Number of protein chains: 6
Amino acid sequence: MVYLTRTEHFNAAHKLANPNWSDEKNLEIFGKCSNPNWHGHNYVLHVTIKGEADPETGFIFNAKTLSEIINKVVIDKVDHKNLNMDVDFMKGKFTSSENFAMGIWNELYPHIEKEGVRLHSVKLQETPNIYVEYFG
Amino acid sequence: MVYLTRTEHFNAAHKLANPNWSDEKNLEIFGKCSNPNWHGHNYVLHVTIKGEADPETGFIFNAKTLSEIINKVVIDKVDHKNLNMDVDFMKGKFTSSENFAMGIWNELYPHIEKEGVRLHSVKLQETPNIYVEYFG
Amino acid sequence: MVYLTRTEHFNAAHKLANPNWSDEKNLEIFGKCSNPNWHGHNYVLHVTIKGEADPETGFIFNAKTLSEIINKVVIDKVDHKNLNMDVDFMKGKFTSSENFAMGIWNELYPHIEKEGVRLHSVKLQETPNIYVEYFG
Amino acid sequence: MVYLTRTEHFNAAHKLANPNWSDEKNLEIFGKCSNPNWHGHNYVLHVTIKGEADPETGFIFNAKTLSEIINKVVIDKVDHKNLNMDVDFMKGKFTSSENFAMGIWNELYPHIEKEGVRLHSVKLQETPNIYVEYFG
Amino acid sequence: MVYLTRTEHFNAAHKLANPNWSDEKNLEIFGKCSNPNWHGHNYVLHVTIKGEADPETGFIFNAKTLSEIINKVVIDKVDHKNLNMDVDFMKGKFTSSENFAMGIWNELYPHIEKEGVRLHSVKLQETPNIYVEYFG
Amino acid sequence: MVYLTRTEHFNAAHKLANPNWSDEKNLEIFGKCSNPNWHGHNYVLHVTIKGEADPETGFIFNAKTLSEIINKVVIDKVDHKNLNMDVDFMKGKFTSSENFAMGIWNELYPHIEKEGVRLHSVKLQETPNIYVEYFG
């Protein structure tokens with residue numbers, strides 16, 4: 001079993017706020033992330049798959065095809081977008097890194113598994129000092 | 001003459017659009033950056049000053065004081081903000097990296113020069129692959 | 001289960017030497033790290049916790065609170081300090097990265113677990129080319 | 001149990017092509033990586049070992065000795081080399097990152113295990129956006 | 001005057017050898033870089049232009065258009081190529097970083113200047129520890 | 001004229017304190033950097049030279065020889081050392097980054113100029129967020 005990771009980059013706006021709470025409580029819990037006028041990030045996404053190397057290519061899966069899947073299924077939906085307003089798979093969810101990584105996993109899973117490889121993890125870096133990982 | 005650079009980080013949302021143009025023309029010129037619902041970045045700001053080392057400290061200027069000035073004069077106004085809506089010194093301007101770096105220079109200049117050191121440059125990294133520099 | 005990592009930075013001096021050994025043997029085993037007059041590093045600390053996303057926030061734990069705990073419990077004790085002389089939880093121990101990471105884990109563990117989340121790992125980068133990980 | 005990672009860098013040329021296929025099929029499957037005149041990379045190699053800290057040193061293993069082993073057993077054979085033509089342990093194999101990481105593991109394993117520590121993983125970064133990991 | 005830099009990445013193989021010298025002299029002067037079977041790098045290219053911000057866009061030049069020019073004029077010719085064998089503008093030249101950066105400048109210059117902006121510098125990073133800069 | 005930069009890494013301990021001042025005043029001016037028991041850094045040193053490419057090599061100067069000079073003249077004196085106690089060219093000076101960069105310039109200058117190339121700059125990164133540059 002070998003693990004292959006492909007890294008992709010995108011930019012997006014979002015905010016963190018619970019609609020059932022007052023602005024004061026949102027500010028208390030989410031701090032500056034609750035700014036009603038949004039803020040944003042340069043996200044870094046690491047998608048790791050696992051499998052055995054194909055004897056005809058030496059690949060567990062073609063990294064270029066993996067990149068195309070990630071771009072079609074995730075990046076095209078989130079790059080230069082507002083995560084709260086523009087992204088179908090985040091509708092009605094808090095756009096925390098935790099929820100966003102799980103949302104990305106759910107989008108990628110069927111597209112990657114049907115290629116005959118296993119999705120191992122999604123790692124999402126929101127800032128240089130914060131990242132989350134989800135293993136399904 | 002020695003040059004000292006202090007690096008600071010902040011996150012913000014923005015969009016690029018000319019209000020005199022149609023959505024189509026904005027999309028043609030600014031591409032995905034014209035998304036009406038905003039996008040955002042983890043900005044990296046490098047502020048460089050120059051001067052001679054003080055014989056009593058070995059510093060041209062105290063890097064901690066420099067950081068405090070940058071935070072008070074710039075970071076507190078832009079971090080987790082919407083550059084188009086929330087930032088006084090960008091009001092009525094396109095929030096291109098070029099204009100933003102010049103705006104940051106203009107904010108910093110009087111506060112740094114009154115300390116007896118010279119402001120040499122402002123370097124603003126918008127994405128891992130794009131940055132601008134302004135020397136006044 | 002989602003994993004959240006918060007990264008923090010600090011600087012410290014230390015040396016590696018076994019007090020029961022001669023200077024020659026310390027030099028042989030620890031090399032330049034045994035310099036009696038100390039050397040130092042810009043350490044990078046990654047603290048990873050795990051748990052389930054809270055339906056009211058989307059967080060497994062507030063990253064800002066996590067940062068505050070790490071700073072209060074670890075960074076304030078080690079930043080700009082001498083690991084051999086100034087740090088209570090390293091008293092009488094070799095300040096190898098291995099021991100230091102385990103010491104940091106032991107300091108953090110009760111403070112993080114009492115918040116209702118699980119401490120998953122402590123990763124400590126001593127130089128760009130050496131890091132250790134401890135999982136308890 | 002603590003995990004210690006040592007990172008090393010090297011440069012090499014290679015190409016990806018199946019000798020049983022036409023140039024057209026190689027181009028279709030391997031893309032630009034099939035260029036008959038080679039291309040190359042600055043590889044980054046992370047070797048992770050695991051064990052318990054020695055009470056006389058605080059080390060699970062001396063990182064300097066680990067570096068010497070990696071250099072003698074791997075780096076000297078691959079640095080500034082052609083992976084397809086010059087590297088004995090890659091003879092007759094596709095020089096995919098997957099195969100190369102497994103080849104490096106096989107070279108390192110006996111030399112590290114005979115030191116009384118366990119080899120945990122080999123992580124090989126081929127480009128800033130692609131890396132593989134092998135755990136034996 | 002503002003300076004805008006666009007960063008691009010590519011991979012290539014090359015070797016350094018003077019055809020008028022013996023293998024021994026090439027090894028003496030160029031070291032491992034003279035390996036007849038080639039080696040390679042992940043190059044990082046920074047192209048800096050300068051000008052004044054356009055009042056209708058806030059740009060000195062559209063960074064996306066700049067990227068397209070760099071890709072068409074340089075990256076498409078050098079990515080996954082052998083610098084000594086495949087690259088027209090390096091024919092008959094040593095593929096040192098110095099010569100390569102000057103060659104890239106010469107390729108870019110007419111395409112950038114005809115857009116009405118000034119080419120300021122080409123910075124080419126060959127390894128994490130070596131880079132060259134050329135200002136025309 | 002082309003510019004070539006070689007990057008080197010080293011670790012050292014130091015402290016910032018004016019011996020004519022009280023501990024209180026040193027703490028006020030130098031903050032945590034005045035800790036009497038030292039702290040330390042992973043320094044990154046960038047040495048930039050300039051000249052014209054030699055028609056027989058394509059080099060302005062052999063980067064390997066440049067590295068050997070930097071190591072012999074600077075790194076061997078400062079790596080894993082105490083800058084205040086162990087380094088001859090810093091004796092009696094405050095070990096600020098400004099003074100240290102100027103000291104490194106003075107050490108390197110005669111050794112590089114006698115090779116027939118020009119020393120352009122010394123850039124010294126003390127932490128990820130602070131660096132100084134000196135141009136002689």
# chains A, B, ... in the order shown; residues from 1 in each chain; ligands from 1
$ interface_residues --of "chain A" --to "chain C" --cutoff "12 Å" --atoms "only C-alpha atoms" --output "VMD selection string"
chain A and resid 15 to 21 25 to 26 28 to 34 90 92 to 103 105 121 to 136
$ select_by_dssp --residues "stretch 3-136 of chain B" --states "strand (DSSP E or B)" --output "MDAnalysis selection string"
chainID B and resid 3:14 39:51 81:82 118:127 130:134
$ write_last_selection --atoms "N, CA and C atoms" --output "short mmCIF file (atom, residue, chain, number, x, y, z; two decimals), in the first residue's frame"
data_model
loop_
_atom_site.label_atom_id
_atom_site.label_comp_id
_atom_site.auth_asym_id
_atom_site.auth_seq_id
_atom_site.Cartn_x
_atom_site.Cartn_y
_atom_site.Cartn_z
N TYR B 3 19.06 47.60 6.30
CA TYR B 3 17.63 47.47 6.02
C TYR B 3 17.04 46.40 6.93
N LEU B 4 15.93 46.73 7.58
CA LEU B 4 15.26 45.79 8.49
C LEU B 4 13.84 45.57 7.99
N THR B 5 13.46 44.30 7.90
CA THR B 5 12.10 43.96 7.43
C THR B 5 11.35 43.21 8.52
N ARG B 6 10.14 43.64 8.73
CA ARG B 6 9.22 42.95 9.63
C ARG B 6 8.06 42.40 8.79
N THR B 7 7.73 41.13 8.98
CA THR B 7 6.67 40.46 8.24
C THR B 7 5.45 40.28 9.14
N GLU B 8 4.27 40.60 8.62
CA GLU B 8 3.01 40.41 9.35
C GLU B 8 2.01 39.69 8.44
N HIS B 9 1.05 39.02 9.05
CA HIS B 9 0.04 38.26 8.29
C HIS B 9 -1.36 38.77 8.62
N PHE B 10 -2.24 38.75 7.63
CA PHE B 10 -3.65 39.03 7.91
C PHE B 10 -4.51 38.40 6.82
N ASN B 11 -5.81 38.29 7.11
CA ASN B 11 -6.76 37.70 6.16
C ASN B 11 -7.82 38.74 5.83
N ALA B 12 -8.27 38.76 4.58
CA ALA B 12 -9.31 39.72 4.21
C ALA B 12 -10.08 39.22 3.00
N ALA B 13 -11.31 39.75 2.85
CA ALA B 13 -12.12 39.51 1.66
C ALA B 13 -12.03 40.75 0.76
N HIS B 14 -12.21 40.56 -0.54
CA HIS B 14 -12.31 41.70 -1.45
C HIS B 14 -12.90 41.22 -2.78
N HIS B 39 -14.29 37.17 -2.69
CA HIS B 39 -13.37 36.06 -2.40
C HIS B 39 -12.36 36.63 -1.40
N GLY B 40 -11.27 35.92 -1.08
CA GLY B 40 -10.38 36.45 -0.06
C GLY B 40 -9.00 35.83 -0.10
N HIS B 41 -8.13 36.34 0.75
CA HIS B 41 -6.73 35.92 0.76
C HIS B 41 -6.16 35.93 2.17
N ASN B 42 -5.10 35.10 2.37
CA ASN B 42 -4.18 35.26 3.49
C ASN B 42 -3.04 36.16 2.99
N TYR B 43 -3.09 37.42 3.28
CA TYR B 43 -2.05 38.35 2.84
C TYR B 43 -0.82 38.24 3.73
N VAL B 44 0.36 38.42 3.11
CA VAL B 44 1.61 38.53 3.86
C VAL B 44 2.20 39.90 3.54
N LEU B 45 2.48 40.67 4.59
CA LEU B 45 2.96 42.04 4.44
C LEU B 45 4.39 42.16 4.98
N HIS B 46 5.30 42.63 4.12
CA HIS B 46 6.69 42.86 4.52
C HIS B 46 6.94 44.37 4.52
N VAL B 47 7.28 44.94 5.67
CA VAL B 47 7.58 46.36 5.76
C VAL B 47 9.08 46.52 6.02
N THR B 48 9.77 47.23 5.11
CA THR B 48 11.22 47.40 5.23
C THR B 48 11.56 48.84 5.54
N ILE B 49 12.35 49.02 6.60
CA ILE B 49 12.86 50.35 6.97
C ILE B 49 14.37 50.35 6.83
N LYS B 50 14.97 51.55 6.79
CA LYS B 50 16.42 51.63 6.67
C LYS B 50 16.97 52.72 7.57
N GLY B 51 18.22 52.56 7.98
CA GLY B 51 18.85 53.54 8.85
C GLY B 51 20.19 53.00 9.32
N LYS B 81 -11.24 41.66 7.55
CA LYS B 81 -12.12 42.71 7.06
C LYS B 81 -12.40 42.51 5.57
N ASN B 82 -13.37 43.30 5.09
CA ASN B 82 -13.67 43.38 3.66
C ASN B 82 -12.98 44.65 3.14
N ARG B 118 13.74 55.63 8.11
CA ARG B 118 13.19 55.80 6.78
C ARG B 118 12.39 54.57 6.38
N LEU B 119 11.21 54.78 5.81
CA LEU B 119 10.44 53.68 5.24
C LEU B 119 11.01 53.39 3.85
N HIS B 120 11.46 52.15 3.63
CA HIS B 120 12.09 51.81 2.35
C HIS B 120 11.10 51.17 1.37
N SER B 121 10.34 50.18 1.83
CA SER B 121 9.42 49.50 0.90
C SER B 121 8.31 48.79 1.65
N VAL B 122 7.23 48.60 0.92
CA VAL B 122 6.11 47.76 1.35
C VAL B 122 5.97 46.67 0.30
N LYS B 123 6.04 45.41 0.75
CA LYS B 123 5.85 44.27 -0.16
C LYS B 123 4.62 43.51 0.32
N LEU B 124 3.69 43.27 -0.59
CA LEU B 124 2.42 42.65 -0.22
C LEU B 124 2.21 41.41 -1.07
N GLN B 125 2.16 40.25 -0.41
CA GLN B 125 1.95 38.99 -1.12
C GLN B 125 0.47 38.63 -1.02
N GLU B 126 -0.21 38.55 -2.17
CA GLU B 126 -1.64 38.29 -2.19
C GLU B 126 -1.93 36.79 -2.27
N THR B 127 -1.14 36.09 -3.10
CA THR B 127 -1.23 34.63 -3.21
C THR B 127 0.21 34.12 -3.25
N ILE B 130 1.71 35.70 -6.49
CA ILE B 130 1.59 37.11 -6.88
C ILE B 130 1.96 38.01 -5.71
N TYR B 131 2.89 38.94 -5.95
CA TYR B 131 3.16 39.98 -4.95
C TYR B 131 3.55 41.28 -5.61
N VAL B 132 3.34 42.37 -4.88
CA VAL B 132 3.70 43.70 -5.38
C VAL B 132 4.63 44.37 -4.38
N GLU B 133 5.42 45.32 -4.89
CA GLU B 133 6.34 46.09 -4.06
C GLU B 133 6.20 47.56 -4.41
N TYR B 134 6.23 48.41 -3.37
CA TYR B 134 6.12 49.85 -3.58
C TYR B 134 7.21 50.53 -2.74
#
$ select_by_dssp --residues "chain A" --states "alpha helix (DSSP H)" --output "mmCIF file with C-alpha atoms, in the first residue's frame"
data_model
loop_
_atom_site.group_PDB
_atom_site.id
_atom_site.type_symbol
_atom_site.label_atom_id
_atom_site.label_comp_id
_atom_site.auth_asym_id
_atom_site.auth_seq_id
_atom_site.Cartn_x
_atom_site.Cartn_y
_atom_site.Cartn_z
ATOM 1 C CA ASP A 23 -24.046 39.709 16.866
ATOM 2 C CA GLU A 24 -22.547 40.036 20.340
ATOM 3 C CA LYS A 25 -22.591 36.305 20.977
ATOM 4 C CA ASN A 26 -21.204 35.606 17.505
ATOM 5 C CA LEU A 27 -18.394 38.076 18.160
ATOM 6 C CA GLU A 28 -17.731 36.464 21.540
ATOM 7 C CA ILE A 29 -17.545 32.918 20.111
ATOM 8 C CA PHE A 30 -16.176 33.454 16.609
ATOM 9 C CA ALA A 63 -1.621 12.295 -10.366
ATOM 10 C CA LYS A 64 -2.715 14.380 -13.338
ATOM 11 C CA THR A 65 -6.104 12.621 -13.428
ATOM 12 C CA LEU A 66 -6.378 13.045 -9.657
ATOM 13 C CA SER A 67 -5.763 16.767 -10.089
ATOM 14 C CA GLU A 68 -8.430 16.946 -12.799
ATOM 15 C CA ILE A 69 -10.965 15.246 -10.522
ATOM 16 C CA ILE A 70 -10.173 17.558 -7.597
ATOM 17 C CA ASP A 76 -14.203 24.884 -9.675
ATOM 18 C CA LYS A 77 -16.973 25.147 -7.050
ATOM 19 C CA VAL A 78 -14.974 26.971 -4.357
ATOM 20 C CA SER A 97 -12.521 24.278 8.390
ATOM 21 C CA GLU A 98 -13.837 21.091 10.016
ATOM 22 C CA ASN A 99 -17.153 21.193 8.147
ATOM 23 C CA PHE A 100 -15.503 22.342 4.937
ATOM 24 C CA ALA A 101 -12.974 19.466 4.967
ATOM 25 C CA MET A 102 -15.786 16.971 5.593
ATOM 26 C CA GLY A 103 -17.804 18.540 2.774
ATOM 27 C CA ILE A 104 -14.847 18.235 0.407
ATOM 28 C CA TRP A 105 -14.378 14.574 1.433
ATOM 29 C CA ASN A 106 -18.034 13.840 0.647
ATOM 30 C CA GLU A 107 -17.774 15.482 -2.775
ATOM 31 C CA LEU A 108 -14.563 13.652 -3.681
ATOM 32 C CA TYR A 109 -15.355 10.207 -2.260
ATOM 33 C CA PRO A 110 -17.602 8.748 -5.001
ATOM 34 C CA HIS A 111 -15.478 10.189 -7.820
ATOM 35 C CA ILE A 112 -12.250 8.746 -6.429
ATOM 36 C CA GLU A 113 -13.555 5.381 -5.242
#
$ atom_distance --atom1 "atom CA of A:Asn84" --atom2 "atom CA of B:Trp38"
10.7 Å
$ atom_distance --atom1 "atom CA of C:Leu83" --atom2 "atom CA of F:Asp86"
19.5 Å
$ atom_distance --atom1 "atom CA of F:Met85" --atom2 "atom CA of C:Ile75"
26.3 Å
